[in-house]
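Below is upload.pdb, holding PDB, C-alpha atoms and all ligand atoms.
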ATOM      1  CA  MET D  19       0.000   0.000   0.000
ATOM      2  CA  ASN D  20       1.141   3.494  -0.904
ATOM      3  CA  LYS D  21       0.977   5.249   2.475
ATOM      4  CA  ILE D  22       2.574   8.531   1.502
ATOM      5  CA  ILE D  23       0.789  11.791   0.764
ATOM      6  CA  ARG D  24       2.705  14.139  -1.543
ATOM      7  CA  ILE D  25       1.975  17.776  -0.705
ATOM      8  CA  GLY D  26       2.464  20.427  -3.383
ATOM      9  CA  THR D  27       3.066  24.004  -2.267
ATOM     10  CA  ARG D  28       4.639  27.279  -3.295
ATOM     11  CA  GLY D  29       8.203  27.662  -2.083
ATOM     12  CA  SER D  30       7.829  30.865  -0.048
ATOM     13  CA  LYS D  31       8.494  30.632   3.682
ATOM     14  CA  LEU D  32       4.818  31.194   4.485
ATOM     15  CA  ALA D  33       3.711  28.543   2.000
ATOM     16  CA  LEU D  34       6.251  26.044   3.353
ATOM     17  CA  TRP D  35       5.146  26.779   6.916
ATOM     18  CA  GLN D  36       1.579  26.033   5.861
ATOM     19  CA  ALA D  37       2.563  22.809   4.077
ATOM     20  CA  ASN D  38       4.507  21.661   7.145
ATOM     21  CA  HIS D  39       1.540  22.512   9.347
ATOM     22  CA  VAL D  40      -0.687  20.305   7.187
ATOM     23  CA  ALA D  41       1.957  17.542   7.242
ATOM     24  CA  ASP D  42       1.956  17.744  11.068
ATOM     25  CA  LEU D  43      -1.828  17.386  11.117
ATOM     26  CA  ILE D  44      -1.601  14.301   8.868
ATOM     27  CA  LYS D  45       1.153  12.605  10.921
ATOM     28  CA  PRO D  46      -1.050  10.942  13.590
ATOM     29  CA  SER D  47      -2.994   9.176  10.808
ATOM     30  CA  GLY D  48       0.001   6.946  10.143
ATOM     31  CA  TYR D  49       0.528   8.315   6.629
ATOM     32  CA  GLN D  50       3.938   9.661   5.650
ATOM     33  CA  THR D  51       4.149  13.008   3.877
ATOM     34  CA  GLU D  52       6.487  14.501   1.313
ATOM     35  CA  ILE D  53       6.591  18.237   0.586
ATOM     36  CA  VAL D  54       7.039  19.224  -3.066
ATOM     37  CA  PRO D  55       7.830  22.933  -3.580
ATOM     38  CA  ILE D  56       6.572  24.373  -6.894
ATOM     39  CA  GLU D  57       7.374  27.779  -8.361
ATOM     40  CA  THR D  58       4.388  29.774  -9.670
ATOM     41  CA  ARG D  59       4.078  32.765 -12.001
ATOM     42  CA  GLY D  60       3.224  34.978  -9.003
ATOM     43  CA  ASP D  61       6.567  34.061  -7.376
ATOM     44  CA  LYS D  62       8.547  34.963 -10.505
ATOM     45  CA  ILE D  63       6.991  38.335 -11.303
ATOM     46  CA  LEU D  64       7.762  40.647  -8.427
ATOM     47  CA  ASN D  65       7.786  44.092  -9.970
ATOM     48  CA  VAL D  66       4.185  44.301 -11.236
ATOM     49  CA  SER D  67       1.049  44.548  -9.114
ATOM     50  CA  ILE D  68      -1.062  41.388  -9.077
ATOM     51  CA  ALA D  69      -4.048  43.371 -10.337
ATOM     52  CA  LYS D  70      -2.107  44.150 -13.527
ATOM     53  CA  ILE D  71      -0.680  40.652 -14.220
ATOM     54  CA  GLY D  72      -4.227  39.316 -14.110
ATOM     55  CA  SER D  73      -5.038  37.676 -10.843
ATOM     56  CA  LYS D  74      -6.537  34.431 -12.010
ATOM     57  CA  GLY D  75      -4.424  31.568 -10.806
ATOM     58  CA  VAL D  76      -1.085  33.414 -10.610
ATOM     59  CA  PHE D  77      -0.189  31.606  -7.412
ATOM     60  CA  THR D  78      -1.978  28.354  -8.165
ATOM     61  CA  GLU D  79      -1.805  27.362 -11.830
ATOM     62  CA  GLU D  80       1.514  25.465 -11.841
ATOM     63  CA  ILE D  81       0.503  23.647  -8.662
ATOM     64  CA  GLU D  82      -2.846  22.629 -10.135
ATOM     65  CA  GLU D  83      -1.083  21.206 -13.194
ATOM     66  CA  LYS D  84       0.751  18.801 -10.888
ATOM     67  CA  LEU D  85      -2.529  17.740  -9.262
ATOM     68  CA  LEU D  86      -3.916  17.046 -12.714
ATOM     69  CA  ASP D  87      -0.921  14.966 -13.842
ATOM     70  CA  GLY D  88      -0.840  13.055 -10.545
ATOM     71  CA  SER D  89       2.667  14.064  -9.465
ATOM     72  CA  ILE D  90       1.272  15.397  -6.170
ATOM     73  CA  ASP D  91      -1.715  14.141  -4.107
ATOM     74  CA  ILE D  92      -2.829  17.383  -2.507
ATOM     75  CA  ALA D  93      -2.043  21.064  -2.836
ATOM     76  CA  VAL D  94      -1.897  23.414   0.117
ATOM     77  CA  HIS D  95      -2.876  27.044  -0.466
ATOM     78  CA  SER D  96      -3.803  30.076   1.599
ATOM     79  CA  ALA D  97      -7.576  29.811   1.205
ATOM     80  CA  LYS D  98      -7.767  33.454   0.196
ATOM     81  CA  ASP D  99      -5.433  32.985  -2.782
ATOM     82  CA  LEU D 100      -7.782  30.497  -4.460
ATOM     83  CA  SER D 101     -10.034  31.720  -7.250
ATOM     84  CA  SER D 102     -13.716  31.030  -6.808
ATOM     85  CA  SER D 103     -13.925  28.368  -9.507
ATOM     86  CA  LEU D 104     -11.536  25.459  -9.917
ATOM     87  CA  ALA D 105     -10.908  23.186 -12.897
ATOM     88  CA  ASP D 106     -13.654  20.554 -13.247
ATOM     89  CA  GLU D 107     -11.359  17.706 -12.169
ATOM     90  CA  LEU D 108     -10.288  19.429  -8.923
ATOM     91  CA  GLU D 109     -11.986  20.052  -5.599
ATOM     92  CA  LEU D 110     -11.350  21.558  -2.167
ATOM     93  CA  ILE D 111     -11.628  18.864   0.478
ATOM     94  CA  ALA D 112     -10.515  20.555   3.679
ATOM     95  CA  PHE D 113      -9.906  23.876   5.436
ATOM     96  CA  THR D 114      -7.694  24.170   8.515
ATOM     97  CA  GLU D 115      -9.021  25.864  11.630
ATOM     98  CA  ARG D 116      -8.966  29.548  10.912
ATOM     99  CA  GLU D 117      -6.602  31.937  12.668
ATOM    100  CA  PRO D 118      -8.135  35.316  13.545
ATOM    101  CA  ALA D 119      -9.022  36.622  10.074
ATOM    102  CA  ASN D 120      -8.268  40.294  10.687
ATOM    103  CA  ASP D 121      -5.604  42.523   9.189
ATOM    104  CA  VAL D 122      -2.913  44.114  11.352
ATOM    105  CA  VAL D 123      -0.715  47.213  11.247
ATOM    106  CA  LEU D 124       3.029  46.554  11.396
ATOM    107  CA  THR D 125       5.380  49.384  12.244
ATOM    108  CA  THR D 126       8.365  50.247  14.410
ATOM    109  CA  LYS D 127       7.350  53.922  14.682
ATOM    110  CA  LYS D 128       6.399  55.009  18.198
ATOM    111  CA  GLY D 129       3.081  56.842  18.459
ATOM    112  CA  PHE D 130       1.992  55.572  15.066
ATOM    113  CA  SER D 131      -1.738  55.623  14.399
ATOM    114  CA  LEU D 132      -3.703  55.074  11.201
ATOM    115  CA  LYS D 133      -5.339  58.409  12.047
ATOM    116  CA  ASN D 134      -2.053  60.353  11.856
ATOM    117  CA  GLU D 135      -1.451  62.893   9.073
ATOM    118  CA  GLY D 136       1.185  62.308   6.420
ATOM    119  CA  ILE D 137       1.554  58.550   6.880
ATOM    120  CA  ARG D 138       2.510  56.179   4.050
ATOM    121  CA  ILE D 139       1.018  52.688   4.275
ATOM    122  CA  GLY D 140       2.600  49.875   2.302
ATOM    123  CA  THR D 141       0.103  47.530   0.677
ATOM    124  CA  SER D 142      -0.811  46.443  -2.804
ATOM    125  CA  SER D 143      -4.136  44.834  -2.059
ATOM    126  CA  THR D 144      -6.937  46.762  -3.765
ATOM    127  CA  ARG D 145      -9.232  45.976  -0.817
ATOM    128  CA  ARG D 146      -6.790  47.442   1.721
ATOM    129  CA  VAL D 147      -6.152  50.526  -0.432
ATOM    130  CA  ALA D 148      -9.891  51.122  -0.856
ATOM    131  CA  PHE D 149     -10.624  50.675   2.870
ATOM    132  CA  LEU D 150      -7.755  53.048   3.697
ATOM    133  CA  ARG D 151      -9.220  55.686   1.367
ATOM    134  CA  HIS D 152     -12.613  55.146   2.975
ATOM    135  CA  PHE D 153     -11.693  55.126   6.665
ATOM    136  CA  TYR D 154      -8.332  56.956   6.709
ATOM    137  CA  PRO D 155      -8.408  59.309   3.693
ATOM    138  CA  GLN D 156      -5.461  61.323   5.037
ATOM    139  CA  ALA D 157      -3.183  58.259   4.703
ATOM    140  CA  GLU D 158      -1.250  57.569   1.522
ATOM    141  CA  ALA D 159      -1.152  53.998   0.182
ATOM    142  CA  VAL D 160       2.169  53.018  -1.391
ATOM    143  CA  SER D 161       2.500  49.854  -3.447
ATOM    144  CA  ILE D 162       4.673  47.198  -1.792
ATOM    145  CA  ARG D 163       4.927  43.668  -3.148
ATOM    146  CA  GLY D 164       6.928  40.579  -2.405
ATOM    147  CA  ASN D 165       6.726  37.984   0.304
ATOM    148  CA  LEU D 166       6.334  38.906   3.942
ATOM    149  CA  GLN D 167      10.074  39.055   4.634
ATOM    150  CA  THR D 168      10.666  41.359   1.639
ATOM    151  CA  ARG D 169       7.853  43.656   2.715
ATOM    152  CA  ILE D 170       9.273  43.936   6.212
ATOM    153  CA  GLU D 171      12.698  44.767   4.736
ATOM    154  CA  LYS D 172      11.042  47.520   2.696
ATOM    155  CA  LEU D 173       9.334  48.824   5.838
ATOM    156  CA  ASN D 174      12.675  48.861   7.676
ATOM    157  CA  ALA D 175      14.297  50.608   4.705
ATOM    158  CA  GLY D 176      11.764  53.421   5.078
ATOM    159  CA  GLN D 177       9.758  52.834   1.891
ATOM    160  CA  CYS D 178       6.644  53.251   4.039
ATOM    161  CA  ASP D 179       5.757  54.030   7.663
ATOM    162  CA  ALA D 180       3.672  50.927   8.254
ATOM    163  CA  LEU D 181       2.378  47.816   6.527
ATOM    164  CA  ILE D 182      -1.097  46.361   6.571
ATOM    165  CA  LEU D 183      -1.036  42.570   6.396
ATOM    166  CA  ALA D 184      -3.119  39.578   7.368
ATOM    167  CA  TYR D 185      -2.641  38.672  11.028
ATOM    168  CA  ALA D 186      -2.433  34.985  10.075
ATOM    169  CA  GLY D 187       0.657  35.317   7.895
ATOM    170  CA  VAL D 188       2.417  37.664  10.303
ATOM    171  CA  HIS D 189       1.774  35.308  13.191
ATOM    172  CA  ARG D 190       2.871  32.197  11.274
ATOM    173  CA  MET D 191       6.134  33.912  10.352
ATOM    174  CA  GLY D 192       6.758  35.014  13.937
ATOM    175  CA  TYR D 193       6.536  38.779  13.456
ATOM    176  CA  ASP D 194       3.976  39.393  16.227
ATOM    177  CA  ASN D 195       6.428  41.787  17.890
ATOM    178  CA  LEU D 196       5.969  44.248  15.003
ATOM    179  CA  ILE D 197       2.176  44.351  15.357
ATOM    180  CA  MET D 198       1.069  47.823  16.443
ATOM    181  CA  GLU D 199      -2.664  47.429  15.944
ATOM    182  CA  GLN D 200      -5.232  44.724  15.306
ATOM    183  CA  ILE D 201      -7.690  46.156  12.784
ATOM    184  CA  GLU D 202     -11.200  45.041  13.617
ATOM    185  CA  THR D 203     -13.061  42.851  11.150
ATOM    186  CA  SER D 204     -16.264  44.756  11.960
ATOM    187  CA  TYR D 205     -15.239  47.606   9.647
ATOM    188  CA  PHE D 206     -12.062  46.494   7.815
ATOM    189  CA  VAL D 207     -13.758  43.319   6.586
ATOM    190  CA  PRO D 208     -11.329  40.547   5.547
ATOM    191  CA  PRO D 209     -11.278  38.987   2.106
ATOM    192  CA  VAL D 210     -12.863  35.607   1.486
ATOM    193  CA  GLY D 211     -10.761  32.822   3.009
ATOM    194  CA  GLN D 212      -8.236  34.892   4.950
ATOM    195  CA  GLY D 213      -6.642  33.006   7.851
ATOM    196  CA  SER D 214      -7.318  29.428   6.761
ATOM    197  CA  ILE D 215      -5.332  26.932   4.693
ATOM    198  CA  ALA D 216      -7.226  25.084   1.970
ATOM    199  CA  ILE D 217      -6.497  21.586   0.704
ATOM    200  CA  GLU D 218      -7.131  20.953  -2.966
ATOM    201  CA  CYS D 219      -7.004  17.576  -4.710
ATOM    202  CA  HIS D 220      -7.992  15.670  -7.818
ATOM    203  CA  LYS D 221     -11.544  14.346  -7.549
ATOM    204  CA  LYS D 222     -10.049  10.926  -8.300
ATOM    205  CA  LEU D 223      -7.627  10.938  -5.361
ATOM    206  CA  SER D 224      -7.995   7.607  -3.530
ATOM    207  CA  PHE D 225     -10.823   7.285  -1.032
ATOM    208  CA  ASP D 226      -8.348   6.437   1.741
ATOM    209  CA  LYS D 227      -6.258   9.559   1.264
ATOM    210  CA  LYS D 228      -9.330  11.768   1.020
ATOM    211  CA  GLU D 229     -10.639  10.309   4.224
ATOM    212  CA  VAL D 230      -7.345  10.969   6.023
ATOM    213  CA  ILE D 231      -7.386  14.626   4.941
ATOM    214  CA  GLU D 232     -11.015  15.136   5.858
ATOM    215  CA  ARG D 233     -10.578  13.523   9.245
ATOM    216  CA  TRP D 234      -7.220  15.001  10.327
ATOM    217  CA  VAL D 235      -6.959  18.330   8.533
ATOM    218  CA  ASN D 236     -10.483  19.677   8.106
ATOM    219  CA  HIS D 237     -12.124  21.974  10.671
ATOM    220  CA  VAL D 238     -15.867  21.755  10.121
ATOM    221  CA  GLN D 239     -16.896  25.229  11.342
ATOM    222  CA  THR D 240     -14.159  26.870   9.287
ATOM    223  CA  GLU D 241     -15.223  24.850   6.261
ATOM    224  CA  ASP D 242     -18.864  25.942   6.622
ATOM    225  CA  CYS D 243     -17.794  29.581   6.911
ATOM    226  CA  ILE D 244     -15.414  29.532   3.965
ATOM    227  CA  ARG D 245     -17.813  27.631   1.706
ATOM    228  CA  ALA D 246     -20.378  30.389   2.380
ATOM    229  CA  GLU D 247     -17.771  33.100   1.674
ATOM    230  CA  ARG D 248     -16.692  31.369  -1.541
ATOM    231  CA  ALA D 249     -20.291  31.045  -2.728
ATOM    232  CA  PHE D 250     -20.509  34.826  -2.333
ATOM    233  CA  LEU D 251     -17.276  35.298  -4.310
ATOM    234  CA  LYS D 252     -18.341  32.930  -7.065
ATOM    235  CA  THR D 253     -21.629  34.738  -7.655
ATOM    236  CA  LEU D 254     -19.854  38.095  -7.589
ATOM    237  CA  GLU D 255     -17.344  36.737 -10.116
ATOM    238  CA  GLY D 256     -14.552  38.791  -8.643
ATOM    239  CA  GLY D 257     -10.943  37.623  -8.695
ATOM    240  CA  CYS D 258      -8.486  38.540  -5.960
ATOM    241  CA  SER D 259      -7.713  41.888  -7.618
ATOM    242  CA  ILE D 260     -11.297  43.051  -6.994
ATOM    243  CA  PRO D 261     -11.752  44.866  -3.650
ATOM    244  CA  SER D 262     -14.478  42.572  -2.444
ATOM    245  CA  PHE D 263     -14.633  41.264   1.085
ATOM    246  CA  GLY D 264     -16.447  38.449   2.803
ATOM    247  CA  TYR D 265     -16.173  37.147   6.314
ATOM    248  CA  ALA D 266     -18.336  34.511   7.982
ATOM    249  CA  TRP D 267     -18.340  33.369  11.577
ATOM    250  CA  MET D 268     -20.352  31.048  13.794
ATOM    251  CA  GLU D 269     -22.343  32.127  16.835
ATOM    252  CA  GLY D 270     -23.953  29.157  18.486
ATOM    253  CA  ASN D 271     -25.604  27.248  15.658
ATOM    254  CA  MET D 272     -25.901  30.212  13.339
ATOM    255  CA  LEU D 273     -23.538  31.254  10.588
ATOM    256  CA  THR D 274     -23.327  34.982   9.875
ATOM    257  CA  LEU D 275     -21.802  36.322   6.672
ATOM    258  CA  LYS D 276     -20.848  39.937   6.120
ATOM    259  CA  ALA D 277     -19.770  40.613   2.559
ATOM    260  CA  GLY D 278     -19.632  43.264  -0.090
ATOM    261  CA  ILE D 279     -17.576  45.381  -2.431
ATOM    262  CA  ILE D 280     -15.916  48.792  -2.205
ATOM    263  CA  SER D 281     -14.987  51.150  -5.038
ATOM    264  CA  LEU D 282     -11.245  51.698  -5.643
ATOM    265  CA  ASP D 283     -11.486  55.311  -4.438
ATOM    266  CA  GLY D 284     -13.162  54.100  -1.237
ATOM    267  CA  LYS D 285     -16.182  56.338  -1.773
ATOM    268  CA  GLN D 286     -18.843  53.718  -2.358
ATOM    269  CA  VAL D 287     -19.322  50.624  -0.227
ATOM    270  CA  VAL D 288     -22.101  48.083  -0.588
ATOM    271  CA  LYS D 289     -22.302  45.473   2.137
ATOM    272  CA  VAL D 290     -24.837  43.023   3.447
ATOM    273  CA  LYS D 291     -24.846  41.008   6.671
ATOM    274  CA  ARG D 292     -27.195  38.096   7.193
ATOM    275  CA  SER D 293     -27.370  34.767   9.031
ATOM    276  CA  SER D 294     -28.485  31.237   8.263
ATOM    277  CA  SER D 295     -27.916  27.705   9.441
ATOM    278  CA  PRO D 296     -24.468  26.418   8.407
ATOM    279  CA  GLU D 297     -26.139  23.914   6.049
ATOM    280  CA  GLU D 298     -27.607  26.842   4.117
ATOM    281  CA  GLY D 299     -24.334  28.775   3.993
ATOM    282  CA  LYS D 300     -23.884  28.473   0.240
ATOM    283  CA  GLU D 301     -27.359  29.811  -0.488
ATOM    284  CA  LEU D 302     -26.655  32.602   2.008
ATOM    285  CA  GLY D 303     -23.452  33.551   0.199
ATOM    286  CA  LYS D 304     -25.126  33.484  -3.176
ATOM    287  CA  GLY D 305     -28.107  35.488  -1.926
ATOM    288  CA  ILE D 306     -25.873  38.123  -0.348
ATOM    289  CA  ALA D 307     -23.867  38.455  -3.565
ATOM    290  CA  ASN D 308     -27.038  38.977  -5.597
ATOM    291  CA  GLU D 309     -28.219  41.585  -3.115
ATOM    292  CA  VAL D 310     -24.848  43.359  -3.219
ATOM    293  CA  LEU D 311     -24.898  43.348  -7.033
ATOM    294  CA  ALA D 312     -28.471  44.678  -7.157
ATOM    295  CA  ASN D 313     -27.757  47.439  -4.620
ATOM    296  CA  GLY D 314     -24.984  49.114  -6.593
ATOM    297  CA  GLY D 315     -22.327  46.415  -6.467
ATOM    298  CA  ALA D 316     -22.688  45.610 -10.169
ATOM    299  CA  ASP D 317     -21.875  49.239 -11.090
ATOM    300  CA  ILE D 318     -18.858  49.301  -8.771
ATOM    301  CA  LEU D 319     -17.625  46.017 -10.260
ATOM    302  CA  GLN D 320     -17.992  47.296 -13.827
ATOM    303  CA  THR D 321     -16.080  50.486 -13.020
ATOM    304  CA  ILE D 322     -13.275  48.501 -11.383
ATOM    305  CA  LYS D 323     -12.979  46.054 -14.287
ATOM    306  CA  THR D 324     -12.637  48.951 -16.712
ATOM    307  CA  ALA D 325     -10.059  50.685 -14.486
ATOM    308  CA  ILE D 326      -7.921  47.560 -14.085
ATOM    309  CA  LYS D 327      -7.799  46.950 -17.843
ATOM    310  CA  ALA D 328      -6.678  50.547 -18.478
TER     311      ALA D 328
HETATM  312  N1  LIG J 401      -1.766  37.808  -0.560
HETATM  313  C1  LIG J 401      -0.763  36.948  -0.036
HETATM  314  C2  LIG J 401      -1.207  36.224   1.194
HETATM  315  N2  LIG J 401      -1.918  35.084   1.099
HETATM  316  C3  LIG J 401      -2.237  34.684   2.365
HETATM  317  C4  LIG J 401      -1.695  35.594   3.262
HETATM  318  C5  LIG J 401      -1.833  35.539   4.720
HETATM  319  C6  LIG J 401      -2.226  34.236   5.312
HETATM  320  C7  LIG J 401      -3.681  33.898   5.229
HETATM  321  O1  LIG J 401      -4.564  34.707   4.911
HETATM  322  O2  LIG J 401      -3.987  32.713   5.520
HETATM  323  C8  LIG J 401      -1.029  36.579   2.530
HETATM  324  C9  LIG J 401      -0.296  37.748   3.053
HETATM  325  C10 LIG J 401      -1.155  38.948   3.394
HETATM  326  O3  LIG J 401      -2.141  39.245   2.701
HETATM  327  O4  LIG J 401      -0.850  39.642   4.355
END
structure tokens encoding of this file:
Amino acid sequence: MNKIIRIGTRGSKLALWQANHVADLIKPSGYQTEIVPIETRGDKILNVSIAKIGSKGVFTEEIEEKLLDGSIDIAVHSAKDLSSSLADELELIAFTEREPANDVVLTTKKGFSLKNEGIRIGTSSTRRVAFLRHFYPQAEAVSIRGNLQTRIEKLNAGQCDALILAYAGVHRMGYDNLIMEQIETSYFVPPVGQGSIAIECHKKLSFDKKEVIERWVNHVQTEDCIRAERAFLKTLEGGCSIPSFGYAWMEGNMLTLKAGIISLDGKQVVKVKRSSSPEEGKELGKGIANEVLANGGADILQTIKTAIKA
């Protein structure tokens, strides 16, 4: 019997941390694991913003090819980097327990506040730029790309006064000491999937291996939340360069999803918050997306698509 699970992943430190985390979760099952690092287009192109390269699959395509040709069993991704529709042969089978999904401010400047005048914030996420323009219009957003370590080097080199990043990545990489502020999800709503690691596989992966992943890696509440968020994203048809947001959480037996879209200049925001049972999470996500689109979201989306192409 072939009792080894080959795990495909990007080669960045964060991606490798995540792959090792998944390997650790698999270990008690008795299966061996092997980590296979794979370079993606997004890792090679560092000088252009993701919105301009075209977001679809930049960090996932080469990995998915290896799932399709059977050279890896599963792929490990940050759930938020996955586009809302996968190739027909592939599926998501598990989501790790989510870390706090919020963004954080990283800086070494004493007395720093997002409310201060004349501050330069390093980010290249369209969602973070738009929320900054909306909530902190006096702040300037400066484009910073690269992996976490590179961004922190750029912060230390003075290219910006602070960075806004996902708490999850910062924590996994051990940079908690640079966190100045936790930005609340109640207003700076996270993007779909932030904070959880998703496991993707070929639909034809063996029953035994699928069962191991589902049993040892999946966290049911996180899965319910992210499936609802992804149903929202799929109906909205926005890639990761669109400043959409979607965050679901459980309270007792109810799942609540808050999701929407914000214009690039931060002036218009459409958001909807509603609850359902976790079993109805996908319908909830879809319904919220349709409501967002009908209430002005479709116009915002059209304007953004035109702006990105320009
Ligand atoms: N866009 C890159 C990316 N993909 C996942 C994370 C953080 C980890 C996570 O959300 O699980 C990050 C860094 C960031 O946005 O700060």
If I wrap all listed atoms of ligand LIG 401 (chain J) in a box with edges along x, y and z and add 5 Å on each side, what are its centre and edge lengths in Å to one decimal, as AutoDock Vina command-line options?
--center_x -2.4 --center_y 36.2 --center_z 2.5 --size_x 14.3 --size_y 16.9 --size_z 16.1
Give me the result of the PyMOL selection byres (((chain D and resi 223) around 12) and not hetatm) on this file, residue by residue, as a PDB file with C-alpha atoms, keeping the file's coordinate frame.
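The resulting out-v1.pdb:
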ATOM      1  CA  ILE D  23       0.789  11.791   0.764  1.00  0.00           C
ATOM      2  CA  ARG D  24       2.705  14.139  -1.543  1.00  0.00           C
ATOM      3  CA  LEU D  85      -2.529  17.740  -9.262  1.00  0.00           C
ATOM      4  CA  LEU D  86      -3.916  17.046 -12.714  1.00  0.00           C
ATOM      5  CA  ASP D  87      -0.921  14.966 -13.842  1.00  0.00           C
ATOM      6  CA  GLY D  88      -0.840  13.055 -10.545  1.00  0.00           C
ATOM      7  CA  SER D  89       2.667  14.064  -9.465  1.00  0.00           C
ATOM      8  CA  ILE D  90       1.272  15.397  -6.170  1.00  0.00           C
ATOM      9  CA  ASP D  91      -1.715  14.141  -4.107  1.00  0.00           C
ATOM     10  CA  ILE D  92      -2.829  17.383  -2.507  1.00  0.00           C
ATOM     11  CA  ALA D  93      -2.043  21.064  -2.836  1.00  0.00           C
ATOM     12  CA  GLU D 107     -11.359  17.706 -12.169  1.00  0.00           C
ATOM     13  CA  LEU D 108     -10.288  19.429  -8.923  1.00  0.00           C
ATOM     14  CA  GLU D 109     -11.986  20.052  -5.599  1.00  0.00           C
ATOM     15  CA  LEU D 110     -11.350  21.558  -2.167  1.00  0.00           C
ATOM     16  CA  ILE D 111     -11.628  18.864   0.478  1.00  0.00           C
ATOM     17  CA  GLU D 218      -7.131  20.953  -2.966  1.00  0.00           C
ATOM     18  CA  CYS D 219      -7.004  17.576  -4.710  1.00  0.00           C
ATOM     19  CA  HIS D 220      -7.992  15.670  -7.818  1.00  0.00           C
ATOM     20  CA  LYS D 221     -11.544  14.346  -7.549  1.00  0.00           C
ATOM     21  CA  LYS D 222     -10.049  10.926  -8.300  1.00  0.00           C
ATOM     22  CA  SER D 224      -7.995   7.607  -3.530  1.00  0.00           C
ATOM     23  CA  PHE D 225     -10.823   7.285  -1.032  1.00  0.00           C
ATOM     24  CA  ASP D 226      -8.348   6.437   1.741  1.00  0.00           C
ATOM     25  CA  LYS D 227      -6.258   9.559   1.264  1.00  0.00           C
ATOM     26  CA  LYS D 228      -9.330  11.768   1.020  1.00  0.00           C
ATOM     27  CA  GLU D 229     -10.639  10.309   4.224  1.00  0.00           C
ATOM     28  CA  VAL D 230      -7.345  10.969   6.023  1.00  0.00           C
ATOM     29  CA  ILE D 231      -7.386  14.626   4.941  1.00  0.00           C
TER      30      ILE D 231
END
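CA of Glu232 in chain D sits 13.3 Å away from CA of Ala41 in chain D.
Between CA of Ser47 in chain D and CA of Glu241 in chain D the separation is 20.4 Å.
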* **Expected selection from the PyMOL selection byres (((chain D and resi 276) around 9) and not hetatm), given as a ChimeraX atom specification** => /D:204,207,247,263-267,274-275,277-278,289-293,306
Could you turn the residues from that selection into a file that holds C-alpha atoms, as a PDB file, in the coordinates of the input?
ATOM      1  CA  SER D 204     -16.264  44.756  11.960  1.00  0.00           C
ATOM      2  CA  VAL D 207     -13.758  43.319   6.586  1.00  0.00           C
ATOM      3  CA  GLU D 247     -17.771  33.100   1.674  1.00  0.00           C
ATOM      4  CA  PHE D 263     -14.633  41.264   1.085  1.00  0.00           C
ATOM      5  CA  GLY D 264     -16.447  38.449   2.803  1.00  0.00           C
ATOM      6  CA  TYR D 265     -16.173  37.147   6.314  1.00  0.00           C
ATOM      7  CA  ALA D 266     -18.336  34.511   7.982  1.00  0.00           C
ATOM      8  CA  TRP D 267     -18.340  33.369  11.577  1.00  0.00           C
ATOM      9  CA  THR D 274     -23.327  34.982   9.875  1.00  0.00           C
ATOM     10  CA  LEU D 275     -21.802  36.322   6.672  1.00  0.00           C
ATOM     11  CA  ALA D 277     -19.770  40.613   2.559  1.00  0.00           C
ATOM     12  CA  GLY D 278     -19.632  43.264  -0.090  1.00  0.00           C
ATOM     13  CA  LYS D 289     -22.302  45.473   2.137  1.00  0.00           C
ATOM     14  CA  VAL D 290     -24.837  43.023   3.447  1.00  0.00           C
ATOM     15  CA  LYS D 291     -24.846  41.008   6.671  1.00  0.00           C
ATOM     16  CA  ARG D 292     -27.195  38.096   7.193  1.00  0.00           C
ATOM     17  CA  SER D 293     -27.370  34.767   9.031  1.00  0.00           C
ATOM     18  CA  ILE D 306     -25.873  38.123  -0.348  1.00  0.00           C
TER      19      ILE D 306
END
* To do: Could you please give me, as a list in words, the residues of protein, DNA or RNA lying at most 10 Å from (3.1, 49.5, 5.4) in the coordinate frame of the file, considering only C-alpha atoms?
  => Val123, Leu124, Thr125, Ile137, Arg138, Ile139, Gly140, Thr141, Ser142, Glu158, Ala159, Val160, Ser161, Ile162, Arg169, Ile170, Lys172, Leu173, Asn174, Gly176, Gln177, Cys178, Asp179, Ala180, Leu181, Ile182 and Leu183 of chain D
* To do: Write out as number ranges by chain each polymer residue (protein, DNA or RNA) that has an atom no more than 7 Å from ligand LIG 401 (chain J), with only C-alpha atoms and all ligand atoms counted.
  => D: 96-99, 166, 183-187, 211-215
Expand the PyMOL selection byres (((chain D and resi 189) around 12) and not hetatm) into the explicit residue set it covers here, and present it as an mmCIF file with C-alpha atoms, in the frame of the given file.
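The resulting file, selection.cif, is reproduced below:
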data_model
loop_
_atom_site.group_PDB
_atom_site.id
_atom_site.type_symbol
_atom_site.label_atom_id
_atom_site.label_comp_id
_atom_site.auth_asym_id
_atom_site.auth_seq_id
_atom_site.Cartn_x
_atom_site.Cartn_y
_atom_site.Cartn_z
ATOM 1 C CA LEU D 32 4.818 31.194 4.485
ATOM 2 C CA TRP D 35 5.146 26.779 6.916
ATOM 3 C CA GLN D 36 1.579 26.033 5.861
ATOM 4 C CA GLU D 117 -6.602 31.937 12.668
ATOM 5 C CA PRO D 118 -8.135 35.316 13.545
ATOM 6 C CA ALA D 119 -9.022 36.622 10.074
ATOM 7 C CA ASN D 120 -8.268 40.294 10.687
ATOM 8 C CA ASP D 121 -5.604 42.523 9.189
ATOM 9 C CA VAL D 122 -2.913 44.114 11.352
ATOM 10 C CA LEU D 124 3.029 46.554 11.396
ATOM 11 C CA LEU D 166 6.334 38.906 3.942
ATOM 12 C CA LEU D 183 -1.036 42.570 6.396
ATOM 13 C CA ALA D 184 -3.119 39.578 7.368
ATOM 14 C CA TYR D 185 -2.641 38.672 11.028
ATOM 15 C CA ALA D 186 -2.433 34.985 10.075
ATOM 16 C CA GLY D 187 0.657 35.317 7.895
ATOM 17 C CA VAL D 188 2.417 37.664 10.303
ATOM 18 C CA ARG D 190 2.871 32.197 11.274
ATOM 19 C CA MET D 191 6.134 33.912 10.352
ATOM 20 C CA GLY D 192 6.758 35.014 13.937
ATOM 21 C CA TYR D 193 6.536 38.779 13.456
ATOM 22 C CA ASP D 194 3.976 39.393 16.227
ATOM 23 C CA ASN D 195 6.428 41.787 17.890
ATOM 24 C CA LEU D 196 5.969 44.248 15.003
ATOM 25 C CA ILE D 197 2.176 44.351 15.357
ATOM 26 C CA GLN D 200 -5.232 44.724 15.306
ATOM 27 C CA GLY D 213 -6.642 33.006 7.851
#
